[in-house]
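Since the structure comes first, as structure tokens, the remarks are kept for the end.
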Amino acid sequence: MSAAVVTGIGVAAPNGLGVADYWAATLAGKSGIDVITAYDVGSYPVRLAGEVKGFDPAERVPKRLRAQTDHMTHLALAATDEALADAGADPAELPEYTMSVITANSSGGTVFGQRELQKLWAQGPLYVGAYMSVAWFYAATTGQLSIRHGMRGPCGVIATEQAGGLDAVGHARRQIRAGTRLVVTGGTDASLSPAGLTAQISTRLLSRGDDPGTAYQPFSAGARGYVPGEGGAIMIVEEAAAARRRPYGRIAGYAATFDPPPGSGRPPTLRRAIESALADAMVTPDGVDVVFADAYGVPELDRAEADALREVFGPRGVPVTAPKTMTGRLYAGGAALDLATALLAIRDQVIPPTVNVAEPLPAYELDLVVGEPREAPLRHALVVARGYGGFNAAAVVSAL
Amino acid sequence: MSQLTLDELKTIMIQVDADVAKDLDGDILDTVLDHLGLDSLAVLEIATRIQQTHRLPIPDEAIAEMTTPRNILDYVNARLAA
Amino acid sequence: MSRRRAVITGMGVIAPGGGDTASFWDLLAAGRTATRRISLFDATGFRCQVAAECDFDPAARGLTPQEARRMDRAAQLGVVATRDALADSGLCRAGLDPGRVAVSIGNAVGNTTMMEQEYVVVSDGGRRWLTDWSYAVPHSYTFMVPSSIATEVAWTAGAEGPTSLVSTGCTSGLDAVGYALQLIEEGTADVVITGAAEAPVSPITVACFDALKATTPRNDDPATACRPFDRERNGIVLGEGAAVFVLEEAGHARRRGATPRAAVASYASRANAFHMTGLKDDGREMAEAIRVALGNAGLTPRDVDYVNAHGSGTKQNDRHETAAVKESFGERAYQVPMSSIKSMIGHSLGAIGAIEIAASVLAIENDVVPPTANLRNRDAECDLDYVPVEAREHRTDVVLSIGSGFGGFQTAVTVTTPDRVAA
């Protein structure tokens with residue numbers, strides 16, 4: 001069976017725009033979480049987020065596409081340019097039907113959407129623009145990337161909330177196995193418009209902390225919810241034989257499961273997702289060198305993940321980290337960024353730290369990498385993701 | 001309601017497609033919008049924005065005729081004068 | 001190792017003009033249209049004021065008050081169609097490994113109605129940019145993410161395998177079923193609850209299509225508003241609904257003694273990489289998707305008995321699609337019946353692809369090809385056999401269902417009698 005390898009990465013993250021800046025910030029423990037600046041957030045109980053700073057569409061988004069796309073797609077267009085250049089791939093040189101785009105999305109172009117909803121309700125139906133239809137919907141980013149790069153192979157869009165970044169990559173690997181040579185995959189989201197934040201607050205999973213240093217502390221006594229963010233990562237996945245550059249690593253394993261409804265009495269399924277991904281990668285638990293945790297920051301969800309990790313790896317059986325403590329949770333972009341981060345960790349043989357957590361709760365029995373990066377021989381990394389409503393996904397990336 | 005001027009129209013065109021700015025220096029009154037890179041979707045967006053700024057409903061048939069800046073100005077200003 | 005095949009063992013349809021699968025087929029076979037003036041909201045002031053709506057009462061279809069409250073209409077339609085499909089399949093949870101049951105549901109525009117209603121409240125009717133979070137209902141976020149539709153379907157089915165919402169615009173329904181087929185073929189799942197649900201008849205969606213001039217402005221005559229392939233066609237009519245299938249690995253179905261209704265034999269998707277809403281006249285990429293789908297099933301154009309068309313009723317779509325079928329079928333294009341059920345039940349965006357697969361299954365079961373209603377004026381650029389006005393008795397073993405969507409997606413699915421894949 002052909003191997004799916006990652007040959008290019010592009011990042012738009014709250015603590016760094018572009019792979020170099022993001023990775024340097026992540027190893028330095030530099031957080032991008034701060035008070036929301038896009039609007040006056042004073043009246044909201046949630047005031048902190050990871051916003052992508054210094055992103056100027058005039059520099060990074062093709063002129064023709066600027067007005068007809070939402071911020072989420074702007075970030076993806078820029079990250080895709082970076083990822084393609086990184087892979088040394090020129091879409092113009094590849095057969096059109098052998099290239100695909102498969103992205104994850106959680107809630108569409110919320111800033112664009114809110115602006116047009118406001119026109120409709122404040123002024124009337126004649127005031128809704130023609131670009132709304134192509135900017136707001138979940139498939140906007142995949143469609144625009146396919147058009148911009150002339151990619152005419154099987155394209156797709158997966159919506160599994162915050163698990164989506166891994167599910168998109170899993171589907172990308174499926175396309176490679178079916179004969180596609182190059183897939184642009186991953187995801188970016190930008191769901192922090194006032195209406196978007198308002199809806200997120202209703203889940204009661206968000207942190208109401210005001211101090212960027214303590215608001216998002218997964219696995220710790222200080223866990224009180226998560227900080228939302230925007231951005232994500234785009235990766236170029238190719239059939240190993242077609243790669244032009246030395247790949248970052250291989251998509252060695254992937255699996256997804258779904259939790260039974262609350263009150264069903266049936267056990268959660270995260271452990272099975274992890275075990276299935278390891279089996280798919282033909283890696284035993286003791287072969288895994290690091291886990292990039294989902295790290296919700298909500299006590300009961302942290303406990304569920306810690307239980308699953310302990311059941312699979314044993315107490316303190318594997319180094320665990322959550323660099324998303326520096327970005328917030330990026331919705332469909334989050335797991336994609338975690339996967340990209342795992343590949344960078346394998347490249348440099350160093351585990352990036354979890355910040356703002358002095359130590360995990362002892363009962364979780366986690367070997368959490370806190371404060372400083374930890375050098376370690378890294379061959380197989382596990383990435384875990386969960387989406388609101390019961391979605392679980394796990395992926396294993398491996399050094400070549 | 002004030003008339004739609006060419007400068008206003010140019011501003012709207014740039015808002016809709018920033019790439020058009022480079023082509024707006026010369027005499028563009030009779031340049032086909034499609035040749036400026038403004039496709040049918042962009043023309044619809046331009047029509048919506050004129051509806052907004054000039055509070056003027058533009059019917060489908062009129063939009064279909066909007067192929068050059070001059071067509072747009074003539075139509076909109078005739079309607080505004082009426 | 002022999003290839004794993006997928007059969008449909010259960011099906012549930014909620015479509016305009018009828019509340020269940022039987023009434024859906026009655027409508028199609030009779031060539032009746034279900035388009036009418038919009039009743040779900042006051043469409044005064046909108047350019048297009050017609051749609052194909054479902055007469056759907058959540059309580060009468062068994063949803064509890066809490067279920068009805070936490071679900072948008074799209075999820076409600078999806079859940080009821082799922083229950084119907086499960087009942088039809090005879091699938092019993094006992095003896096079934098929930099981890100081997102997956103979910104793949106298509107939807108293009110999410111929980112639009114409730115998302116918009118929530119917006120209206122928290123923005124105080126569009127007066128506030130800084131929305132008032134204290135007015136948000138507890139399920140506000142559920143309405144913001146389309147994945148909640150897949151969640152409800154998975155809960156309904158007791159599925160604990162891979163669950164996802166596929167959102168590729170107007171091909172979502174076809175792509176969701178195609179993705180389900182891949183899960184079965186690769187061995188990830190034995191049963192996939194698949195299909196699509198959509199309820200887009202809300203002010204913002206209607207306004208969006210108004211802005212694109214994609215919907216018909218023919219408000220004075222709703223019954224004939226949608227006229228695919230007709231010279232006088234001038235746009236789509238929005239629809240709503242859901243179709244859900246129990247798609248099952250053929251051996252799994254056989255071992256539990258289930259009777260397959262049809263098989264999903266193959267799937268292919270291509271992108272036109274041309275324009276978000278525009279289509280080239282030549283139908284090139286759709287033709288490629290058709291060729292690949294037929295090839296994957298070991299079929300040739302000669303084997304296809306019926307083409308279930310996208311046939312949205314816009315000038316460009318019907319021209320594009322006609323060209324695509326000519327390109328991929330050659331002379332056979334002129335012989336194979338091809339029709340658009342959107343003429344009768346409208347275009348339910350992400351759901352329609354699944355509803356069209358349901359129509360394909362019923363065409364196979366009944367050996368009847370549903371018509372293209374309202375097709376009375378021949379158009380020189382649409383010169384194939386579109387089965388105008390009246391359904392036709394016609395031996396149907398193999399159906400090709402095709403779709404096209406915003407973003408450039410072009411998808412083809414083949415549906416056949418069950419024995420074709422069992423062989």
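Labels used: A, B, ... for chains in the order of the structure tokens, numbers from 1 for residues in each chain, and numbers from 1 for ligands as shown.
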Long-range neighbours of Gly405 of chain C as a PyMOL selection string, 6 Å cut-off, only C-alpha atoms, 6 positions minimum in chain: chain C and resi 169-171
Based on the selection just made, write C-alpha atoms of those residues as a CSV table (one decimal), in the first residue's frame.
chain,number,residue,atom,x,y,z
C,169,GLY,CA,-22.3,22.3,-1.0
C,170,CYS,CA,-24.9,20.9,-3.3
C,171,THR,CA,-23.1,17.6,-3.8
Contact table chain A vs chain C, cut-off 6 Å, shortest pair per residue, only C-alpha atoms, as JSON lines:
{"residue": "A:Ser106", "atom": "CA", "partner": "C:Val145", "partner_atom": "CA", "distance": 5.9}
{"residue": "A:Ser107", "atom": "CA", "partner": "C:Val145", "partner_atom": "CA", "distance": 4.9}
{"residue": "A:Gln118", "atom": "CA", "partner": "C:Gly126", "partner_atom": "CA", "distance": 4.6}
{"residue": "A:Trp121", "atom": "CA", "partner": "C:Gly126", "partner_atom": "CA", "distance": 5.0}
{"residue": "A:Ala122", "atom": "CA", "partner": "C:Gly126", "partner_atom": "CA", "distance": 4.8}
{"residue": "A:Pro125", "atom": "CA", "partner": "C:Ala207", "partner_atom": "CA", "distance": 5.4}
{"residue": "A:Gly129", "atom": "CA", "partner": "C:Ala211", "partner_atom": "CA", "distance": 6.0}
{"residue": "A:Ala130", "atom": "CA", "partner": "C:Ala211", "partner_atom": "CA", "distance": 4.8}
{"residue": "A:Ser133", "atom": "CA", "partner": "C:Cys208", "partner_atom": "CA", "distance": 5.6}
{"residue": "A:Ala139", "atom": "CA", "partner": "C:Thr168", "partner_atom": "CA", "distance": 5.4}
{"residue": "A:Gly143", "atom": "CA", "partner": "C:Gly407", "partner_atom": "CA", "distance": 4.1}
{"residue": "A:Ser146", "atom": "CA", "partner": "C:Ala273", "partner_atom": "CA", "distance": 5.2}
{"residue": "A:Ile147", "atom": "CA", "partner": "C:Ala273", "partner_atom": "CA", "distance": 3.8}
{"residue": "A:Gly150", "atom": "CA", "partner": "C:Ala273", "partner_atom": "CA", "distance": 5.2}
{"residue": "A:Arg152", "atom": "CA", "partner": "C:Ala271", "partner_atom": "CA", "distance": 4.3}
{"residue": "A:Gly153", "atom": "CA", "partner": "C:Arg270", "partner_atom": "CA", "distance": 4.9}
{"residue": "A:Pro154", "atom": "CA", "partner": "C:Arg270", "partner_atom": "CA", "distance": 4.7}
{"residue": "A:Val157", "atom": "CA", "partner": "C:Ser167", "partner_atom": "CA", "distance": 5.3}
{"residue": "A:Ile158", "atom": "CA", "partner": "C:Val166", "partner_atom": "CA", "distance": 5.0}
{"residue": "A:Ala159", "atom": "CA", "partner": "C:Leu165", "partner_atom": "CA", "distance": 5.1}
{"residue": "A:Thr160", "atom": "CA", "partner": "C:Ser147", "partner_atom": "CA", "distance": 5.2}
{"residue": "A:Pro194", "atom": "CA", "partner": "C:Leu130", "partner_atom": "CA", "distance": 5.6}
{"residue": "A:Ala195", "atom": "CA", "partner": "C:Thr131", "partner_atom": "CA", "distance": 5.8}
{"residue": "A:Thr198", "atom": "CA", "partner": "C:Trp133", "partner_atom": "CA", "distance": 4.8}
{"residue": "A:Ala199", "atom": "CA", "partner": "C:Tyr141", "partner_atom": "CA", "distance": 4.6}
{"residue": "A:Gln200", "atom": "CA", "partner": "C:Tyr141", "partner_atom": "CA", "distance": 5.5}
{"residue": "A:Ser202", "atom": "CA", "partner": "C:Pro138", "partner_atom": "CA", "distance": 5.4}
{"residue": "A:Ala256", "atom": "CA", "partner": "C:Pro162", "partner_atom": "CA", "distance": 4.7}
{"residue": "A:Thr257", "atom": "CA", "partner": "C:Gly161", "partner_atom": "CA", "distance": 4.6}
{"residue": "A:Phe258", "atom": "CA", "partner": "C:Glu160", "partner_atom": "CA", "distance": 4.4}
{"residue": "A:Asp259", "atom": "CA", "partner": "C:Glu160", "partner_atom": "CA", "distance": 5.9}
{"residue": "A:Pro261", "atom": "CA", "partner": "C:Trp155", "partner_atom": "CA", "distance": 6.0}
{"residue": "A:Gly389", "atom": "CA", "partner": "C:Thr151", "partner_atom": "CA", "distance": 5.9}
Exercise: Glu61 of chain B partners within 12 Å, only C-alpha atoms, chain neighbours under 5 positions left out, as an mmCIF file with N, CA and C atoms, in the first residue's frame:
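Okay, this is what ended up in out.cif:
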data_model
loop_
_atom_site.group_PDB
_atom_site.id
_atom_site.type_symbol
_atom_site.label_atom_id
_atom_site.label_comp_id
_atom_site.auth_asym_id
_atom_site.auth_seq_id
_atom_site.Cartn_x
_atom_site.Cartn_y
_atom_site.Cartn_z
ATOM 1 N N LEU B 44 -22.811 41.003 -9.890
ATOM 2 C CA LEU B 44 -23.939 40.908 -8.957
ATOM 3 C C LEU B 44 -23.610 41.596 -7.641
ATOM 4 N N ALA B 47 -23.854 45.262 -8.131
ATOM 5 C CA ALA B 47 -25.265 45.677 -8.159
ATOM 6 C C ALA B 47 -25.831 45.770 -6.741
ATOM 7 N N MET B 66 -25.710 45.057 -17.593
ATOM 8 C CA MET B 66 -24.581 45.803 -17.016
ATOM 9 C C MET B 66 -23.254 45.196 -17.457
ATOM 10 N N THR B 67 -22.834 45.547 -18.646
ATOM 11 C CA THR B 67 -21.618 44.938 -19.182
ATOM 12 C C THR B 67 -20.435 45.882 -19.187
ATOM 13 N N TYR B 75 -27.785 53.432 -16.623
ATOM 14 C CA TYR B 75 -28.991 52.832 -16.059
ATOM 15 C C TYR B 75 -29.318 53.420 -14.687
ATOM 16 N N LYS C 213 -29.259 35.705 -8.028
ATOM 17 C CA LYS C 213 -30.264 35.535 -9.102
ATOM 18 C C LYS C 213 -30.304 34.079 -9.544
ATOM 19 N N PRO C 217 -37.579 33.820 -10.366
ATOM 20 C CA PRO C 217 -38.470 34.881 -9.878
ATOM 21 C C PRO C 217 -39.934 34.602 -10.232
ATOM 22 N N ASN C 234 -35.629 29.405 -15.674
ATOM 23 C CA ASN C 234 -34.949 30.620 -15.232
ATOM 24 C C ASN C 234 -34.511 30.552 -13.777
#
Closest pair table for chain A residues within 7 Å of chain B, only C-alpha atoms, as JSON lines:
{"residue": "A:Lys63", "atom": "CA", "partner": "B:Asp19", "partner_atom": "CA", "distance": 4.9}
{"residue": "A:Arg64", "atom": "CA", "partner": "B:Asp17", "partner_atom": "CA", "distance": 5.0}
{"residue": "A:Ala67", "atom": "CA", "partner": "B:Val16", "partner_atom": "CA", "distance": 5.6}
{"residue": "A:Leu126", "atom": "CA", "partner": "B:Thr48", "partner_atom": "CA", "distance": 7.0}
{"residue": "A:Tyr127", "atom": "CA", "partner": "B:Gln52", "partner_atom": "CA", "distance": 5.7}
{"residue": "A:Gly129", "atom": "CA", "partner": "B:Thr48", "partner_atom": "CA", "distance": 5.6}
{"residue": "A:Ala130", "atom": "CA", "partner": "B:Glu45", "partner_atom": "CA", "distance": 4.8}
{"residue": "A:Tyr131", "atom": "CA", "partner": "B:Glu45", "partner_atom": "CA", "distance": 6.4}
Restricting it to C-alpha atoms, dump the selection as a PDB file, in the first residue's frame.
ATOM      1  CA  LYS A  63      -6.407  40.691  -4.610  1.00  0.00           C
ATOM      2  CA  ARG A  64      -9.170  39.074  -6.599  1.00  0.00           C
ATOM      3  CA  ALA A  67     -13.574  40.666  -0.900  1.00  0.00           C
ATOM      4  CA  LEU A 126     -31.945  43.556  -1.130  1.00  0.00           C
ATOM      5  CA  TYR A 127     -28.880  44.405   0.931  1.00  0.00           C
ATOM      6  CA  GLY A 129     -24.413  40.696  -1.137  1.00  0.00           C
ATOM      7  CA  ALA A 130     -23.777  38.112  -3.830  1.00  0.00           C
ATOM      8  CA  TYR A 131     -20.465  37.145  -2.205  1.00  0.00           C
TER       9      TYR A 131
END
Residue neighbourhood Leu4 of chain B, 12 Å, only C-alpha atoms, exclusion window fewer than 5 positions, as an MDAnalysis selection string: chainID B and resid 9:12 49:51 53:56 69:81
Would you write out those residues with C-alpha atoms, as a PDB file, in the first residue's frame?
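The resulting file, result38.pdb, is shown below:
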ATOM      1  CA  LEU B   9     -18.356  53.290  -9.240  1.00  0.00           C
ATOM      2  CA  LYS B  10     -14.597  52.777  -9.422  1.00  0.00           C
ATOM      3  CA  THR B  11     -14.456  52.686  -5.634  1.00  0.00           C
ATOM      4  CA  ILE B  12     -17.162  50.031  -5.547  1.00  0.00           C
ATOM      5  CA  ARG B  49     -23.639  47.542  -3.312  1.00  0.00           C
ATOM      6  CA  ILE B  50     -25.295  50.123  -5.553  1.00  0.00           C
ATOM      7  CA  GLN B  51     -28.650  48.973  -4.199  1.00  0.00           C
ATOM      8  CA  THR B  53     -25.625  53.023  -1.384  1.00  0.00           C
ATOM      9  CA  HIS B  54     -28.380  54.442  -3.561  1.00  0.00           C
ATOM     10  CA  ARG B  55     -31.380  52.601  -2.126  1.00  0.00           C
ATOM     11  CA  LEU B  56     -32.353  51.515  -5.602  1.00  0.00           C
ATOM     12  CA  PRO B  69     -19.171  51.034 -16.516  1.00  0.00           C
ATOM     13  CA  ARG B  70     -21.101  53.294 -18.911  1.00  0.00           C
ATOM     14  CA  ASN B  71     -24.070  50.864 -18.963  1.00  0.00           C
ATOM     15  CA  ILE B  72     -24.140  50.878 -15.165  1.00  0.00           C
ATOM     16  CA  LEU B  73     -23.931  54.670 -14.839  1.00  0.00           C
ATOM     17  CA  ASP B  74     -26.528  55.264 -17.545  1.00  0.00           C
ATOM     18  CA  TYR B  75     -28.991  52.832 -16.059  1.00  0.00           C
ATOM     19  CA  VAL B  76     -28.577  53.865 -12.424  1.00  0.00           C
ATOM     20  CA  ASN B  77     -28.605  57.597 -13.128  1.00  0.00           C
ATOM     21  CA  ALA B  78     -31.636  57.362 -15.419  1.00  0.00           C
ATOM     22  CA  ARG B  79     -33.495  55.521 -12.664  1.00  0.00           C
ATOM     23  CA  LEU B  80     -32.371  58.001 -10.019  1.00  0.00           C
ATOM     24  CA  ALA B  81     -33.470  60.929 -12.182  1.00  0.00           C
TER      25      ALA B  81
END
Can you list, as a PDB file with N, CA and C atoms, in the first residue's frame, every protein, DNA or RNA residue that comes within 10 Å of Ala85 of chain C when you count only C-alpha atoms, leaving out same-chain residues fewer than 5 positions away?
ATOM      1  N   ILE C   8     -27.914  -1.269   0.120  1.00  0.00           N
ATOM      2  CA  ILE C   8     -28.864  -0.473   0.905  1.00  0.00           C
ATOM      3  C   ILE C   8     -29.911  -1.428   1.446  1.00  0.00           C
ATOM      4  N   THR C   9     -29.979  -1.520   2.790  1.00  0.00           N
ATOM      5  CA  THR C   9     -30.961  -2.427   3.382  1.00  0.00           C
ATOM      6  C   THR C   9     -32.110  -1.680   4.044  1.00  0.00           C
ATOM      7  N   GLY C  10     -31.996  -0.359   4.113  1.00  0.00           N
ATOM      8  CA  GLY C  10     -33.089   0.419   4.689  1.00  0.00           C
ATOM      9  C   GLY C  10     -33.019   1.838   4.188  1.00  0.00           C
ATOM     10  N   MET C  11     -34.173   2.481   4.135  1.00  0.00           N
ATOM     11  CA  MET C  11     -34.218   3.812   3.539  1.00  0.00           C
ATOM     12  C   MET C  11     -35.361   4.605   4.163  1.00  0.00           C
ATOM     13  N   GLY C  12     -35.107   5.862   4.463  1.00  0.00           N
ATOM     14  CA  GLY C  12     -36.155   6.751   4.956  1.00  0.00           C
ATOM     15  C   GLY C  12     -36.070   8.072   4.231  1.00  0.00           C
ATOM     16  N   VAL C  13     -37.192   8.545   3.726  1.00  0.00           N
ATOM     17  CA  VAL C  13     -37.207   9.802   2.967  1.00  0.00           C
ATOM     18  C   VAL C  13     -38.275  10.727   3.525  1.00  0.00           C
ATOM     19  N   THR C  21     -41.461   7.756   2.674  1.00  0.00           N
ATOM     20  CA  THR C  21     -40.910   7.212   1.435  1.00  0.00           C
ATOM     21  C   THR C  21     -42.019   6.892   0.425  1.00  0.00           C
ATOM     22  N   VAL C  79     -33.169  13.062  11.661  1.00  0.00           N
ATOM     23  CA  VAL C  79     -33.422  12.047  12.688  1.00  0.00           C
ATOM     24  C   VAL C  79     -34.651  11.209  12.336  1.00  0.00           C
ATOM     25  N   VAL C  80     -35.696  11.846  11.867  1.00  0.00           N
ATOM     26  CA  VAL C  80     -36.903  11.084  11.508  1.00  0.00           C
ATOM     27  C   VAL C  80     -36.617  10.166  10.318  1.00  0.00           C
ATOM     28  N   GLY C  90     -34.703  -3.313   9.414  1.00  0.00           N
ATOM     29  CA  GLY C  90     -34.790  -4.402  10.378  1.00  0.00           C
ATOM     30  C   GLY C  90     -33.528  -4.586  11.198  1.00  0.00           C
ATOM     31  N   LEU C  91     -32.655  -3.597  11.139  1.00  0.00           N
ATOM     32  CA  LEU C  91     -31.388  -3.687  11.873  1.00  0.00           C
ATOM     33  C   LEU C  91     -31.689  -3.661  13.362  1.00  0.00           C
ATOM     34  N   ALA C 157     -29.040   6.210  15.933  1.00  0.00           N
ATOM     35  CA  ALA C 157     -28.697   4.873  15.454  1.00  0.00           C
ATOM     36  C   ALA C 157     -27.862   4.080  16.456  1.00  0.00           C
ATOM     37  N   ILE C 193     -24.727   4.599   8.547  1.00  0.00           N
ATOM     38  CA  ILE C 193     -25.972   5.362   8.436  1.00  0.00           C
ATOM     39  C   ILE C 193     -25.606   6.592   7.612  1.00  0.00           C
ATOM     40  N   THR C 194     -26.132   6.652   6.414  1.00  0.00           N
ATOM     41  CA  THR C 194     -25.667   7.701   5.505  1.00  0.00           C
ATOM     42  C   THR C 194     -26.823   8.332   4.750  1.00  0.00           C
ATOM     43  N   ALA C 243     -32.953  12.289   3.226  1.00  0.00           N
ATOM     44  CA  ALA C 243     -32.995  10.870   2.866  1.00  0.00           C
ATOM     45  C   ALA C 243     -31.841  10.205   3.586  1.00  0.00           C
ATOM     46  N   VAL C 244     -32.149   9.131   4.290  1.00  0.00           N
ATOM     47  CA  VAL C 244     -31.115   8.415   5.045  1.00  0.00           C
ATOM     48  C   VAL C 244     -31.199   6.932   4.680  1.00  0.00           C
ATOM     49  N   PHE C 245     -30.032   6.336   4.541  1.00  0.00           N
ATOM     50  CA  PHE C 245     -29.936   4.926   4.158  1.00  0.00           C
ATOM     51  C   PHE C 245     -29.184   4.141   5.227  1.00  0.00           C
ATOM     52  N   VAL C 246     -29.553   2.885   5.377  1.00  0.00           N
ATOM     53  CA  VAL C 246     -28.692   1.942   6.070  1.00  0.00           C
ATOM     54  C   VAL C 246     -27.879   1.269   4.970  1.00  0.00           C
ATOM     55  N   LEU C 247     -26.623   1.641   4.889  1.00  0.00           N
ATOM     56  CA  LEU C 247     -25.722   1.069   3.881  1.00  0.00           C
ATOM     57  C   LEU C 247     -24.908  -0.005   4.599  1.00  0.00           C
TER      58      LEU C 247
END
